[in-house]
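Participant: So that you have it, the file is entry_1.txt, and it contains compact mmCIF, C-alpha atoms:
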```
# COMPACT_ATOMS: atom_id res chain seq x y z
CA VAL S 56 -32.23 18.80 38.37
CA PHE S 57 -32.25 22.44 37.32
CA HIS S 58 -29.07 24.43 37.76
CA THR S 59 -28.71 28.21 37.39
CA THR S 60 -27.08 27.74 34.01
CA GLY S 61 -29.33 24.84 32.96
CA PRO S 62 -30.28 21.24 33.84
CA TYR S 63 -27.54 19.67 35.96
CA VAL S 64 -26.88 16.27 37.56
CA HIS S 65 -23.95 16.14 40.01
CA LEU S 66 -22.49 12.67 40.71
CA THR S 67 -20.22 11.99 43.71
CA ASN S 68 -19.22 9.16 46.00
CA THR S 69 -17.22 8.64 49.21
CA THR S 70 -13.96 8.70 47.23
CA THR S 71 -14.56 11.96 45.40
CA GLY S 72 -16.09 14.05 48.18
CA ASP S 73 -19.28 16.06 47.74
CA LEU S 74 -18.17 19.60 46.91
CA SER S 75 -19.43 21.21 43.72
CA SER S 76 -15.96 20.75 42.24
CA ASP S 77 -15.88 17.03 43.09
CA GLY S 78 -17.07 14.02 41.13
CA GLY S 79 -18.67 14.27 37.74
CA TYR S 80 -21.70 15.84 36.13
CA ILE S 81 -24.14 15.84 33.28
CA SER S 82 -25.44 19.22 32.26
CA MET S 83 -27.05 21.17 29.46
CA ILE S 84 -25.45 24.56 28.83
CA GLY S 85 -27.35 26.36 26.10
CA THR S 86 -27.29 23.93 23.17
CA GLU S 87 -24.23 22.06 24.51
CA LEU S 88 -24.60 18.73 26.34
CA ARG S 89 -21.74 18.21 28.78
CA LEU S 90 -20.58 14.97 30.38
CA GLY S 91 -17.57 15.56 32.58
CA ASN S 92 -15.25 14.19 35.23
CA GLN S 93 -13.92 16.91 37.54
CA GLU S 94 -11.50 14.65 39.42
CA ALA S 95 -7.78 15.32 38.90
CA GLY S 96 -6.34 12.37 37.02
CA GLY S 97 -9.81 10.92 36.51
CA THR S 98 -11.03 9.24 33.34
CA LEU S 99 -14.25 9.21 31.37
CA SER S 100 -15.43 5.81 30.10
CA ILE S 101 -18.31 4.91 27.79
CA PHE S 102 -18.70 1.19 27.32
CA THR S 103 -20.99 -1.77 26.64
CA ASN S 104 -21.19 -5.40 27.79
CA ASN S 105 -20.11 -4.33 31.30
CA SER S 106 -16.48 -3.92 30.27
CA THR S 107 -14.53 -0.66 29.89
CA GLY S 108 -12.22 -2.49 27.49
CA ASN S 109 -15.09 -2.65 24.99
CA GLY S 110 -15.68 1.08 24.86
CA ILE S 111 -14.19 4.55 24.71
CA THR S 112 -11.89 5.92 27.41
CA ILE S 113 -10.83 9.58 27.69
CA LEU S 114 -7.97 10.24 30.10
CA SER S 115 -7.50 13.47 32.02
CA THR S 116 -4.66 14.26 29.60
CA GLY S 117 -7.13 14.14 26.69
CA ASN S 118 -5.75 10.88 25.27
CA VAL S 119 -8.50 8.70 23.80
CA GLY S 120 -8.57 4.93 23.65
CA ILE S 121 -11.07 2.72 21.82
CA GLY S 122 -10.80 -0.87 22.96
CA THR S 123 -8.19 0.12 25.54
CA THR S 124 -8.39 1.98 28.83
CA ALA S 125 -4.68 2.87 28.69
CA PRO S 126 -3.85 4.61 25.39
CA THR S 127 -0.71 6.13 26.95
CA ASN S 128 0.79 2.63 27.20
CA TYR S 129 1.60 2.95 23.51
CA TYR S 130 4.21 5.03 21.68
CA SER S 131 4.16 8.50 23.23
CA GLY S 132 4.52 10.17 19.85
CA ALA S 133 1.23 8.67 18.64
CA ASP S 134 -0.95 7.93 21.66
CA ASN S 135 -3.42 10.81 21.44
CA PHE S 136 -5.86 8.41 19.78
CA VAL S 137 -5.39 4.64 20.03
CA ILE S 138 -7.63 1.93 18.54
CA LYS S 139 -7.06 -1.57 19.91
CA GLN S 140 -8.52 -4.87 18.76
CA ALA S 141 -7.51 -7.49 21.31
CA SER S 142 -8.01 -10.44 18.93
CA GLY S 143 -8.61 -10.77 15.21
CA GLU S 144 -8.19 -8.03 12.66
CA GLY S 145 -8.53 -4.37 13.57
CA GLY S 146 -8.62 -1.11 11.67
CA MET S 147 -10.33 2.13 10.85
CA SER S 148 -12.51 2.88 7.82
CA ILE S 149 -13.07 6.29 6.27
CA VAL S 150 -16.25 6.15 4.20
CA THR S 151 -17.19 8.91 1.72
CA ALA S 152 -19.44 9.26 -1.31
CA ASN S 153 -18.20 7.81 -4.61
CA ASP S 154 -17.86 11.28 -6.15
CA THR S 155 -15.49 12.74 -3.56
CA SER S 156 -12.34 11.97 -1.55
CA GLY S 157 -11.45 10.73 1.91
CA ALA S 158 -8.16 11.58 3.61
CA ILE S 159 -6.03 11.84 6.73
CA TYR S 160 -4.08 15.10 6.93
CA PHE S 161 -1.15 16.32 9.03
CA ALA S 162 -1.46 19.99 9.93
CA ASP S 163 0.62 22.58 11.74
CA GLY S 164 -1.81 25.49 11.45
CA THR S 165 -5.40 26.46 10.71
CA THR S 166 -5.08 28.56 7.55
CA GLY S 167 -4.19 27.78 3.95
CA ASP S 168 -2.13 24.67 3.29
CA LEU S 169 -0.99 24.67 6.93
CA GLN S 170 -4.16 22.62 7.41
CA TYR S 171 -2.82 19.82 5.17
CA ARG S 172 0.98 19.99 5.00
CA GLY S 173 1.09 16.20 4.72
CA GLY S 174 -1.47 13.51 4.17
CA ILE S 175 -2.73 10.38 2.51
CA GLY S 176 -6.06 10.13 0.75
CA TYR S 177 -8.18 8.39 -1.84
CA THR S 178 -10.10 10.00 -4.70
CA HIS S 179 -13.10 7.84 -5.55
CA THR S 180 -13.92 9.59 -8.83
CA THR S 181 -10.60 8.44 -10.33
CA ASP S 182 -9.87 5.54 -7.95
CA LYS S 183 -6.41 6.85 -7.08
CA LEU S 184 -4.50 6.84 -3.81
CA PHE S 185 -2.55 10.06 -3.28
CA PHE S 186 0.19 11.28 -0.95
CA VAL S 187 0.53 14.89 0.17
CA SER S 188 3.80 16.60 1.12
CA GLY S 189 4.48 20.29 1.56
CA GLY S 190 0.81 21.17 1.16
CA SER S 191 0.12 19.48 -2.19
CA ALA S 192 -0.22 15.99 -3.66
CA LYS S 193 3.15 14.70 -4.86
CA ALA S 194 2.57 10.99 -5.64
CA TRP S 195 -0.30 8.79 -6.84
CA ILE S 196 -1.11 5.10 -7.25
CA ASP S 197 -3.81 4.22 -9.78
CA THR S 198 -6.08 1.17 -10.04
CA ASP S 199 -3.51 -0.69 -12.17
CA GLY S 200 -0.84 -0.24 -9.50
CA ASN S 201 1.03 2.33 -11.58
CA VAL S 202 2.96 4.84 -9.47
CA GLY S 203 3.31 8.47 -10.46
CA ILE S 204 5.76 10.79 -8.75
CA GLY S 205 5.06 14.34 -9.86
CA THR S 206 2.19 13.14 -12.08
CA SER S 207 -1.30 11.92 -11.26
CA SER S 208 -1.53 9.95 -14.53
CA PRO S 209 1.48 7.61 -14.76
CA ALA S 210 1.85 6.04 -18.21
CA GLY S 211 3.79 3.03 -16.87
CA ASN S 212 4.45 1.09 -13.69
CA LEU S 213 6.59 4.00 -12.50
CA GLU S 214 6.71 7.50 -13.95
CA VAL S 215 8.79 10.30 -12.46
CA GLN S 216 7.96 13.79 -13.70
CA ASN S 217 9.26 17.23 -12.81
CA VAL S 218 7.54 19.98 -14.80
CA SER S 219 9.81 22.69 -13.43
CA GLY S 220 13.25 21.08 -13.71
CA VAL S 221 15.27 17.89 -14.00
CA ALA S 222 13.56 14.60 -13.16
CA ASP S 223 16.07 12.12 -11.77
CA ILE S 224 16.32 8.76 -10.01
CA ILE S 225 19.29 8.21 -7.69
CA ILE S 226 20.81 4.82 -6.83
CA ASP S 227 23.25 5.30 -3.93
CA SER S 228 25.25 2.37 -2.54
CA ASN S 229 27.69 2.05 0.33
CA THR S 230 31.41 2.65 -0.26
CA GLY S 231 32.93 -0.41 -1.95
CA SER S 232 29.51 -1.73 -3.06
CA ASP S 233 28.00 -1.79 -6.54
CA SER S 234 24.93 0.14 -7.66
CA VAL S 235 22.78 -2.11 -9.86
CA LEU S 236 19.69 -1.76 -12.05
CA ARG S 237 18.21 -5.16 -12.99
CA PHE S 238 15.67 -6.14 -15.66
CA TYR S 239 13.63 -9.34 -15.18
CA GLU S 240 11.18 -11.36 -17.24
CA GLU S 241 8.85 -13.66 -15.29
CA GLY S 242 11.26 -13.80 -12.37
CA VAL S 243 14.36 -14.41 -14.50
CA GLN S 244 16.99 -11.70 -14.82
CA GLN S 245 17.62 -10.76 -18.46
CA TRP S 246 19.70 -7.60 -18.27
CA SER S 247 21.53 -5.56 -15.67
CA ILE S 248 23.42 -2.30 -15.57
CA LEU S 249 25.90 -1.84 -12.75
CA GLN S 250 28.51 0.56 -11.50
CA ASP S 251 31.44 -1.76 -10.66
CA SER S 252 33.10 -0.46 -7.51
CA ASN S 253 35.88 -3.05 -7.90
CA ASP S 254 36.82 -1.88 -11.39
CA SER S 255 37.31 1.89 -11.14
CA ASN S 256 33.54 2.44 -10.89
CA LYS S 257 33.06 1.56 -14.56
CA LEU S 258 29.51 1.28 -15.89
CA LYS S 259 28.87 -2.25 -17.18
CA PHE S 260 26.03 -3.80 -19.16
CA TYR S 261 25.17 -7.49 -18.87
CA GLY S 262 22.62 -9.48 -20.90
CA ASN S 263 21.59 -13.09 -20.23
CA SER S 264 24.39 -13.28 -17.65
CA ASP S 265 27.01 -12.34 -20.30
CA TYR S 266 29.10 -9.19 -20.35
CA ARG S 267 28.07 -6.84 -23.19
CA LEU S 268 29.55 -3.37 -22.74
CA THR S 269 31.75 -1.33 -20.41
CA ILE S 270 31.90 2.43 -20.17
```
Would you mind writing the structure in this file as structure tokens?
Facilitator:
Amino acid sequence: VFHTTGPYVHLTNTTTGDLSSDGGYISMIGTELRLGNQEAGGTLSIFTNNSTGNGITILSTGNVGIGTTAPTNYYSGADNFVIKQASGEGGMSIVTANDTSGAIYFADGTTGDLQYRGGIGYTHTTDKLFFVSGGSAKAWIDTDGNVGIGTSSPAGNLEVQNVSGVADIIIDSNTGSDSVLRFYEEGVQQWSILQDSNDSNKLKFYGNSDYRLTI
């Protein structure tokens, strides 16, 4: 069917009415292919195997569900896009070339680092998982499981680096509770350093379950 602005198929039924603003349509506007539902509160479903639960549903609010026709049934703070697998494992894969990165970013604007204020990604060239905060990568995990905070090349299981100031690790316990740092070998504790809240918050060193030093 040819419409004044291009090819146009108008779909209605006894529920929708038959005005030009009723029902749905398929049209070609310039180089844009449009598939739309004009009904207030209506949905758009694309599915296979004769079941809408096996396809994609777009609600009138713009919420999208894959594998579910009711994405708004889920947490309202994260229901814009919902993927559901009714049984078995489910997930989403981001596939990129082995010489680049793949990522999910959190944006609050369209310019500069407003496009990626937060995020999580993977760099295939170095095989490192990275975490973005404040518009730049702040932490990395390499293929050995080493974690770097402030450095992309941790030299140990955990490296904390601050190139512009003090690098610190804080252990904060509840009032009346001890703060403890423990050292294990093959699941057996060998040493511990604790702040003893029951003894004037003295710093104590223990080795092989024996007291060694108090500060």
Participant: Would you compute the distance between atom CA of S:Gly110 and atom CA of S:Asn92? Give it in Å to one decimal.
Facilitator: 16.7 Å
Participant: Between atom CA of S:Ile149 and atom CA of S:Phe161, what is the spacing in Å?
Facilitator: 15.8 Å
Participant: Neighbours of stretch 217-223 of chain S within 12 Å (only C-alpha atoms; same-chain residues fewer than 4 positions away dropped), as an MDAnalysis selection string?
Facilitator: chainID S and resid 193:194 203:207
Participant: Any chance you could tabulate, as CSV, the residues of stretch 146-227 of chain S at most 12 Å from stretch 124-142 of chain S with each one's nearest atom pair and distance in Å to one decimal, using all atoms listed in the file, in chain and rising number order?
Facilitator:
```
residue,atom,partner,partner_atom,distance
S:Gly146,CA,S:Ile138,CA,7.6
S:Met147,CA,S:Ile138,CA,8.2
S:Ser148,CA,S:Ile138,CA,11.8
```
Participant: Got time to write the residues from that selection, C-alpha atoms, as a compact mmCIF listing (two decimals), in the coordinates of the input?
Facilitator:
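The result, stored in out-v8.txt:
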```txt
# COMPACT_ATOMS: atom_id res chain seq x y z
CA GLY S 146 -8.62 -1.11 11.67
CA MET S 147 -10.33 2.13 10.85
CA SER S 148 -12.51 2.88 7.82
```
Participant: Ranking S:Lys259, S:Ile175, S:Thr123, S:Ala210 by minimum distance to S:Ser106 and counting only C-alpha atoms, which one comes first?
Facilitator: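 Using only C-alpha atoms, S:Ser106 sits closest to S:Thr123.
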Participant: Take the point (28.7, 0.2, -12.6) as written in the file and pick out every residue within 9 Å of it, counting all atoms listed in the file; give the list as a short mmCIF file (atom, residue, chain, number, x, y, z; two decimals) with C-alpha atoms, in the frame of the given file.
Facilitator:
```cif
data_model
loop_
_atom_site.label_atom_id
_atom_site.label_comp_id
_atom_site.auth_asym_id
_atom_site.auth_seq_id
_atom_site.Cartn_x
_atom_site.Cartn_y
_atom_site.Cartn_z
CA ASP S 233 28.00 -1.79 -6.54
CA SER S 234 24.93 0.14 -7.66
CA VAL S 235 22.78 -2.11 -9.86
CA ILE S 248 23.42 -2.30 -15.57
CA LEU S 249 25.90 -1.84 -12.75
CA GLN S 250 28.51 0.56 -11.50
CA ASP S 251 31.44 -1.76 -10.66
CA SER S 252 33.10 -0.46 -7.51
CA ASP S 254 36.82 -1.88 -11.39
CA SER S 255 37.31 1.89 -11.14
CA ASN S 256 33.54 2.44 -10.89
CA LYS S 257 33.06 1.56 -14.56
CA LEU S 258 29.51 1.28 -15.89
CA LYS S 259 28.87 -2.25 -17.18
CA PHE S 260 26.03 -3.80 -19.16
CA THR S 269 31.75 -1.33 -20.41
CA ILE S 270 31.90 2.43 -20.17
#
```
Participant: Which of these residues is nearest to S:Gly157, using all atoms listed in the file: S:Gly189, S:Gly117, S:Gly78, S:Gly176?
Facilitator: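 Between S:Gly189, S:Gly117, S:Gly78, S:Gly176, the residue approaching S:Gly157 most closely is S:Gly176.
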Participant: Between atom CA of S:Ile113 and atom CA of S:Ser100, measure the distance and give it in Å to one decimal.
Facilitator: 6.4 Å
Participant: In terms of the shortest atom-to-atom distance over only C-alpha atoms, which of S:Asn201, S:Gly122, S:Val150, S:Val64 is closest to S:Met83?
Facilitator: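 Between S:Asn201, S:Gly122, S:Val150, S:Val64, the residue approaching S:Met83 most closely is S:Val64.
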Participant: Determine the nearest neighbour of S:Gly174 from the options S:Ala162, S:Leu213, S:Ile101, S:Val187, counting all atoms listed in the file.
Facilitator: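 For S:Gly174, the nearest of the candidates is S:Val187.
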Participant: From the list S:Ser82, S:Gln170, S:Ser228, S:Thr116, which residue is nearest S:Thr98 when using only C-alpha atoms?
Facilitator: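 Counting only C-alpha atoms, the residue closest to S:Thr98 is S:Thr116.
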Participant: Neighbours of S:Gly79 within 6 Å (all atoms listed in the file; same-chain residues fewer than 5 positions away dropped), as a ChimeraX atom specification?
Facilitator: /S:66,91-93
Participant: Could stretch 167-198 of chain S be completed with N, CA and C atoms and written as a compact mmCIF listing (two decimals), keeping the file's coordinate frame, please?
Facilitator:
```txt
# COMPACT_ATOMS: atom_id res chain seq x y z
N GLY S 167 -4.87 28.19 5.16
CA GLY S 167 -4.19 27.78 3.95
C GLY S 167 -3.75 26.33 3.97
N ASP S 168 -2.60 26.05 3.33
CA ASP S 168 -2.13 24.67 3.29
C ASP S 168 -1.47 24.23 4.59
N LEU S 169 -1.43 25.11 5.60
CA LEU S 169 -0.99 24.67 6.93
C LEU S 169 -1.95 23.62 7.49
N GLN S 170 -3.16 23.59 6.96
CA GLN S 170 -4.16 22.62 7.41
C GLN S 170 -3.91 21.23 6.84
N TYR S 171 -3.06 21.13 5.80
CA TYR S 171 -2.82 19.82 5.17
C TYR S 171 -1.39 19.77 4.60
N ARG S 172 -0.41 20.02 5.45
CA ARG S 172 0.98 19.99 5.00
C ARG S 172 1.39 18.60 4.53
N GLY S 173 0.84 17.57 5.14
CA GLY S 173 1.09 16.20 4.72
C GLY S 173 -0.19 15.43 4.78
N GLY S 174 -0.24 14.30 4.10
CA GLY S 174 -1.47 13.51 4.17
C GLY S 174 -1.47 12.33 3.23
N ILE S 175 -2.47 11.50 3.40
CA ILE S 175 -2.73 10.38 2.51
C ILE S 175 -4.22 10.32 2.28
N GLY S 176 -4.64 10.12 1.04
CA GLY S 176 -6.06 10.13 0.75
C GLY S 176 -6.40 9.28 -0.45
N TYR S 177 -7.69 9.18 -0.71
CA TYR S 177 -8.18 8.39 -1.84
C TYR S 177 -9.28 9.16 -2.55
N THR S 178 -9.10 9.33 -3.88
CA THR S 178 -10.10 10.00 -4.70
C THR S 178 -10.96 8.96 -5.39
N HIS S 179 -12.23 8.89 -5.02
CA HIS S 179 -13.10 7.84 -5.55
C HIS S 179 -13.49 8.07 -7.01
N THR S 180 -13.53 9.32 -7.44
CA THR S 180 -13.92 9.59 -8.83
C THR S 180 -12.92 9.02 -9.82
N THR S 181 -11.64 8.98 -9.44
CA THR S 181 -10.60 8.44 -10.33
C THR S 181 -9.98 7.16 -9.79
N ASP S 182 -10.42 6.74 -8.60
CA ASP S 182 -9.87 5.54 -7.95
C ASP S 182 -8.35 5.60 -7.86
N LYS S 183 -7.85 6.68 -7.25
CA LYS S 183 -6.41 6.85 -7.08
C LYS S 183 -6.07 7.19 -5.62
N LEU S 184 -5.05 6.53 -5.13
CA LEU S 184 -4.50 6.84 -3.81
C LEU S 184 -3.47 7.94 -3.99
N PHE S 185 -3.50 8.96 -3.13
CA PHE S 185 -2.55 10.06 -3.28
C PHE S 185 -1.85 10.37 -1.97
N PHE S 186 -0.64 10.93 -2.11
CA PHE S 186 0.19 11.28 -0.95
C PHE S 186 0.51 12.77 -1.03
N VAL S 187 0.33 13.45 0.10
CA VAL S 187 0.53 14.89 0.17
C VAL S 187 1.81 15.19 0.95
N SER S 188 2.60 16.11 0.42
CA SER S 188 3.80 16.60 1.12
C SER S 188 3.98 18.07 0.79
N GLY S 189 4.28 18.86 1.80
CA GLY S 189 4.48 20.29 1.56
C GLY S 189 3.23 21.02 1.13
N GLY S 190 2.06 20.48 1.46
CA GLY S 190 0.81 21.17 1.16
C GLY S 190 0.18 20.84 -0.17
N SER S 191 0.73 19.88 -0.93
CA SER S 191 0.12 19.48 -2.19
C SER S 191 0.43 18.01 -2.48
N ALA S 192 -0.41 17.40 -3.31
CA ALA S 192 -0.22 15.99 -3.66
C ALA S 192 1.04 15.85 -4.51
N LYS S 193 1.88 14.89 -4.15
CA LYS S 193 3.15 14.70 -4.86
C LYS S 193 3.25 13.33 -5.53
N ALA S 194 2.48 12.34 -5.07
CA ALA S 194 2.57 10.99 -5.64
C ALA S 194 1.20 10.34 -5.66
N TRP S 195 1.00 9.45 -6.66
CA TRP S 195 -0.30 8.79 -6.84
C TRP S 195 -0.08 7.32 -7.18
N ILE S 196 -1.07 6.49 -6.81
CA ILE S 196 -1.11 5.10 -7.25
C ILE S 196 -2.49 4.87 -7.85
N ASP S 197 -2.52 4.40 -9.12
CA ASP S 197 -3.81 4.22 -9.78
C ASP S 197 -4.31 2.79 -9.62
N THR S 198 -5.45 2.48 -10.23
CA THR S 198 -6.08 1.17 -10.04
C THR S 198 -5.28 0.03 -10.65
```
